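Engineer: Got a structure for you, written out below as structure tokens; questions coming shortly.
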Amino acid sequence: MTRTAADLAPFIDSAQLVAELGGPKRFVYDYALPTPDENACMADAPARAAAERAFADAVHAYEAHTSAWAAADALQPDGPGRAAARDRLRAAGRALDPYVRARTLYHRAGVVAPDHSVAL
């Protein structure tokens, strides 16, 4: 069991422990509270429905291009049609995201950018 700094010593360098566990590191957790309108777009039903339709259309197009590619006599690298369908599917997923997924602490802290890139 790990209840003290001595118990943690085999696993974590004592210089890396936070002060409350007997180490030298001063750390204060700061939770960024959500704003009341942070996920307001989730209530926009017409926009969500349009984004869902665009996503479904992109899925069907990608499946059709992938099926045609897989059914070909000789499998070759992705052609321009399949690559374009993949890019359209990725863009449609990102456009749908704000309507179906709530923002998190990582969004509020700037770790996840509006374009879904991650900054570590």
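Ligands are numbered from 1 in the order shown, chains are lettered A, B, ... in the order of the structure tokens, and residues start at 1 in each chain.
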Residues within 12 Å of Pro114 of chain A, please, as a PyMOL selection string. Count only C-alpha atoms; anything in the same chain fewer than 3 positions from it doesn't count.

Structural biologist: chain A and resi 94-95+97-98+103-104+106-111+117-119

Engineer: Keeping only C-alpha atoms, write those residues as a PDB file, in the first residue's frame.

Structural biologist:
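Heads up, here's the output in result-v2.pdb:
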```
ATOM      1  CA  ARG A  94     -15.441  18.192 -36.870  1.00  0.00           C
ATOM      2  CA  ALA A  95     -18.434  20.274 -37.923  1.00  0.00           C
ATOM      3  CA  ASP A  97     -18.645  17.757 -32.907  1.00  0.00           C
ATOM      4  CA  PRO A  98     -19.856  20.939 -31.110  1.00  0.00           C
ATOM      5  CA  ARG A 103     -16.638  21.075 -24.077  1.00  0.00           C
ATOM      6  CA  THR A 104     -14.347  19.853 -21.329  1.00  0.00           C
ATOM      7  CA  TYR A 106      -9.170  20.558 -21.734  1.00  0.00           C
ATOM      8  CA  HIS A 107     -11.018  22.937 -24.054  1.00  0.00           C
ATOM      9  CA  ARG A 108     -11.267  25.604 -21.348  1.00  0.00           C
ATOM     10  CA  ALA A 109      -7.549  25.262 -20.524  1.00  0.00           C
ATOM     11  CA  GLY A 110      -6.592  25.610 -24.192  1.00  0.00           C
ATOM     12  CA  VAL A 111      -5.189  22.089 -24.506  1.00  0.00           C
ATOM     13  CA  SER A 117      -5.657  20.122 -32.528  1.00  0.00           C
ATOM     14  CA  VAL A 118      -3.989  19.297 -29.226  1.00  0.00           C
ATOM     15  CA  ALA A 119      -1.290  21.445 -27.650  1.00  0.00           C
TER      16      ALA A 119
END
```

Engineer: Quote the spacing between atom CA of Ala70 of chain A and atom CA of Ala84 of chain A in Å to one decimal place.

Structural biologist: 16.4 Å

Engineer: Show me, as a ChimeraX atom specification, the residues that have an atom within 12 Å of Ser67 of chain A when counting only C-alpha atoms, minus same-chain residues fewer than 6 positions from it.

Structural biologist: /A:60-61,75,78,81-82

Engineer: Those residues you just picked out, can you put them in a file as a compact mmCIF listing (two decimals), in the first residue's frame with C-alpha atoms?

Structural biologist:
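See again-v4.txt below for the written result:
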```txt
# COMPACT_ATOMS: atom_id res chain seq x y z
CA HIS A 60 -21.88 6.96 -47.25
CA ALA A 61 -19.55 8.59 -49.80
CA LEU A 75 -5.36 -2.82 -54.80
CA ASP A 78 -5.84 5.56 -52.33
CA GLY A 81 -11.75 10.13 -54.90
CA ARG A 82 -11.22 8.14 -51.73
```

Engineer: Per DSSP on the backbone, what are the helix (DSSP H, G or I) residues of segment 8-110 of chain A, as a ChimeraX atom specification?

Structural biologist: /A:8,14-16,19-21,40-43,45-71,80-100,105-108

Engineer: Within 12 Å of segment 45-58 of chain A, which residues of segment 73-116 of chain A show up? Give each one with its shortest atom-to-atom distance in Å (one decimal) and the two atoms involved, counting only C-alpha atoms, rows by chain then rising residue number, as JSON lines.

Structural biologist:
```
{"residue": "A:Arg82", "atom": "CA", "partner": "A:Ala58", "partner_atom": "CA", "distance": 11.1}
{"residue": "A:Ala83", "atom": "CA", "partner": "A:Ala58", "partner_atom": "CA", "distance": 12.0}
{"residue": "A:Ala84", "atom": "CA", "partner": "A:Ala58", "partner_atom": "CA", "distance": 10.1}
{"residue": "A:Ala85", "atom": "CA", "partner": "A:Ala58", "partner_atom": "CA", "distance": 6.8}
{"residue": "A:Arg86", "atom": "CA", "partner": "A:Ala58", "partner_atom": "CA", "distance": 8.1}
{"residue": "A:Asp87", "atom": "CA", "partner": "A:Ala58", "partner_atom": "CA", "distance": 9.2}
{"residue": "A:Arg88", "atom": "CA", "partner": "A:Ala58", "partner_atom": "CA", "distance": 6.1}
{"residue": "A:Leu89", "atom": "CA", "partner": "A:Ala58", "partner_atom": "CA", "distance": 4.9}
{"residue": "A:Arg90", "atom": "CA", "partner": "A:Ala58", "partner_atom": "CA", "distance": 8.6}
{"residue": "A:Ala91", "atom": "CA", "partner": "A:Phe55", "partner_atom": "CA", "distance": 8.6}
{"residue": "A:Ala92", "atom": "CA", "partner": "A:Phe55", "partner_atom": "CA", "distance": 4.9}
{"residue": "A:Gly93", "atom": "CA", "partner": "A:Phe55", "partner_atom": "CA", "distance": 6.1}
{"residue": "A:Arg94", "atom": "CA", "partner": "A:Phe55", "partner_atom": "CA", "distance": 9.2}
{"residue": "A:Ala95", "atom": "CA", "partner": "A:Ala51", "partner_atom": "CA", "distance": 6.5}
{"residue": "A:Leu96", "atom": "CA", "partner": "A:Ala51", "partner_atom": "CA", "distance": 5.1}
{"residue": "A:Asp97", "atom": "CA", "partner": "A:Ala51", "partner_atom": "CA", "distance": 8.9}
{"residue": "A:Pro98", "atom": "CA", "partner": "A:Arg48", "partner_atom": "CA", "distance": 8.8}
{"residue": "A:Tyr99", "atom": "CA", "partner": "A:Arg48", "partner_atom": "CA", "distance": 5.6}
{"residue": "A:Val100", "atom": "CA", "partner": "A:Arg48", "partner_atom": "CA", "distance": 7.9}
{"residue": "A:Arg101", "atom": "CA", "partner": "A:Arg48", "partner_atom": "CA", "distance": 11.3}
```

Engineer: Quick one: residues within 9 Å of segment 2-5 of chain A, only C-alpha atoms, excluding same-chain residues fewer than 2 positions away - as a list of chain:residue names?

Structural biologist: A:Asp7, A:Leu8, A:Ala9, A:Ile12, A:Ser14, A:Leu17, A:Leu21, A:Gly22, A:Gly23
